[in-house]
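J.: Before anything else, here's the structure in question.
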Amino acid sequence: MTNPRLAFLFVTPALLFLAAVLGWPLLEAVVLSFQNVGVIGTTGSWVGFDNYAKVIGSAGFWNSFGRSALWVVANAVVQTFMALGVALLLNQKFPGVRIARTWIILTWIVPTVVVVIIWRWLLSTSGGMINPLLIQLGLIERPVGFFATRESAMATLVMINSWRWFPFTALMMLAGLTRIPGDLYEAARIDGASAMKRFTRITWPLLQPTLLVLGIVGTLLSFNVFDVIWLLTAGGPSQATQTLPVLIYETAFKGYKLSEAATISVLTSILLMAFALLATRAMTASEEAR
Amino acid sequence: MKRTLPQSVALYSGLLLVFLIIGMPFWWVVSGSVKLPREIIARVPTMFPQSFTTQHFEKLFQSTDFPAYLVNSIGVALFSTIVTVALALPAAYAFFRMRFPGRNALYRLILLAYAFPTIVVLIPIYGLFAKVGLIDTRTSLVIVNIAFALPFSIWMMRSFLSTVPKEIEEAAIIDGAPARVILLRIMAPLIAPGIASVAIFTFIASWTEYLFASVLIVSDARRTVPVGFAGIIGQYQIDWGLLLAGATAATIPVVILFAFVGRWFVSGLTEGAVK
């Protein structure tokens with residue numbers, strides 16, 4: 001099969017599509033970032049690096065950057081713990097394991113807006129479920145506003161987003177776990193290694209490649225999360241949950257500064273690509289070292 | 001291998017905990033959707049409905065645009081799915097089996113699409129679609145959904161193609177079958193689980209897409225469930241019964257779909273990840 005013309009016939013439709021809907025707009029975003037367009041649909045003039053100087057010099061951009069970093073790290077930590085636990089459970093044999101492996105992902109297949117309704121309702125201060133339960137248990141006296149303070153709003157969002165994503169992460173880890181040869185555990189058991197030792201000496205090290213890939217993909221995925229944050233807190237209270245995607249959206253569609261939003265987008269893309277590149281390189285290096 | 005009693009206790013209590021963490025929130029919402037309003041906001045929440053009413057669903061389907069949102073969502077998701085599969089299958093096959101200049105570079109370029117925050121292209125896409133008159137059309141959502149699903153779909157199908165034994169394909173080549181026939185008659189049936197996985201992934205991604213649907217669609221009658229429903233949240237004095245009914249109704253279609261093909265999807269997801 002060495003007919004390049006036929007091969008191009010096979011790939012061209014998909015490539016053209018991606019070029020038109022992703023590639024071209026990306027270039028447009030770069031062009032936009034060097035202009036001064038305000039409201040969508042209007043035209044602007046060239047301003048060189050003015051937008052870049054403005055964005056890089058603004059505290060708002062770096063604050064949002066910091067929140068995005070916190071958001072990504074917190075999600076990674078919470079999800080890794082939850083997902084690893086679940087993956088280890090689902091790697092066992094028990095009646096109904098297939099059903100469990102399929103339906104675990106329920107939180108991920110429903111629309112975000114459903115996730116939003118679920119948690120707004122459960123955490124509501126009037127009625128709801130969690131507050132009355134906590135009051136009944138005597139843990140609190142009055143309903144707690146989970147989105148009311150800066151810290152609790154961020155923490156609550158991380159928990160909700162993790163609730164949505166940990167089953168997906170768990171299935172990815174499960175894929176890595178099933179790849180570890182069973183003989184290793186058998187041999188370790190014969191040698192009298194404890195369950196704890198088997199985990200620290202076999203499971204954990206052999207799961208590293210999977211965890212690294214998940215770390216990279218997961219970072220990009222959670223960085224991009226917009227709708228959960230937007231629909232639950234809209235970046236508030238007082239910008240405490242305004243991550244970079246939220247900032248871009250607000251700058252473009254609430255602040256009517258399209259070019260500035262494009263500039264933040266381009267800077268964000270550069271940061272993410274640099275991360276992806278460095279992380280992939282680190283991963284390849286550690287694979288070669290082994 | 002046999003589990004000791006403590007190990008069994010640990011396993012099953014762990015499973016129960018996971019079941020509760022995932023299941024309870026859904027149960028509270030679904031059971032809440034049939035409760036009378038006064039039971040919904042009762043100070044002491046009830047685990048099982050003490051009352052039963054369909055009034056929230058009636059209101060949802062009779063006095064809101066929810067039915068239209070539902071139809072729009074299903075249409076957009078279906079078309080996005082069909083076109084994505086049709087584009088991804090030949091592309092994945094070419095990247096997997098055929099030799100052509102720039103193959104690896106192009107493949108990497110496609111995967112790079114995931115390094116960009118989707119919001120980056122939102123603004124230019126709006127401008128682009130405004131120029132060609134696609135704003136406020138459901139077609140615009142189909143186009144966007146396909147573009148976002150394609151890279152993952154090509155990657156996933158390619159890893160499924162690599163599970164097909166080479167001999168099967170070689171036999172067909174020796175028989176002189178053209179590439180199109182090999183792909184559609186021999187490879188496609190063999191990687192049916194992969195095609196199913198890609199289809200489900202695209203369907204779900206389209207079904208849940210919010211950001212672009214909220215910007216590209218202007219008129220209420222053309223909204224999809226995520227955006228239309230989010231609008232209902234703000235429209236009324238918070239009517240929890242209505243919102244819980246909406247959440248239930250928006251969940252049911254994907255649950256039905258998943259009941260039929262979920263197994264394929266999960267095996268596709270995990271097998272694809274291994275390659």
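Labels for the structure tokens follow display order: chains A, B, ..., residues from 1 in each chain, ligands from 1.
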Compile the residues of chain B that lie within 6 Å of chain A, evaluated using only C-alpha atoms, and express the compilation as a VMD selection string.

T.: chain B and resid 41 87 90 to 91 94 99 to 100 115 to 117 120 to 121 124 to 125 147 208 226 247 251 263 266 270

J.: Write out as a ChimeraX atom specification which residues come within 9 Å of A:Ile229 when counting only C-alpha atoms, dropping same-chain ones fewer than 3 positions away.

T.: /A:157,161,225-226,232-235,241-243,246

J.: Hey, can you check how far atom CA of B:Val144 sits from atom CA of B:Thr224?

T.: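 Spanning atom CA of B:Val144 to atom CA of B:Thr224 is a straight-line distance of 13.7 Å.
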
J.: Which is closer to A:Thr280 than all the others in B:Val181, B:Ile217, B:Leu190, B:Leu112, using only C-alpha atoms?

T.: B:Leu112

J.: Taking the DSSP assignment computed from this structure's backbone, write out as a PyMOL selection string all residues of stretch 61-247 of chain A that belong to helix (DSSP H, G or I).

T.: chain A and resi 61-90+97-103+106-109+112-122+130-136+150-178+182-190+195-223+227-232+244-247
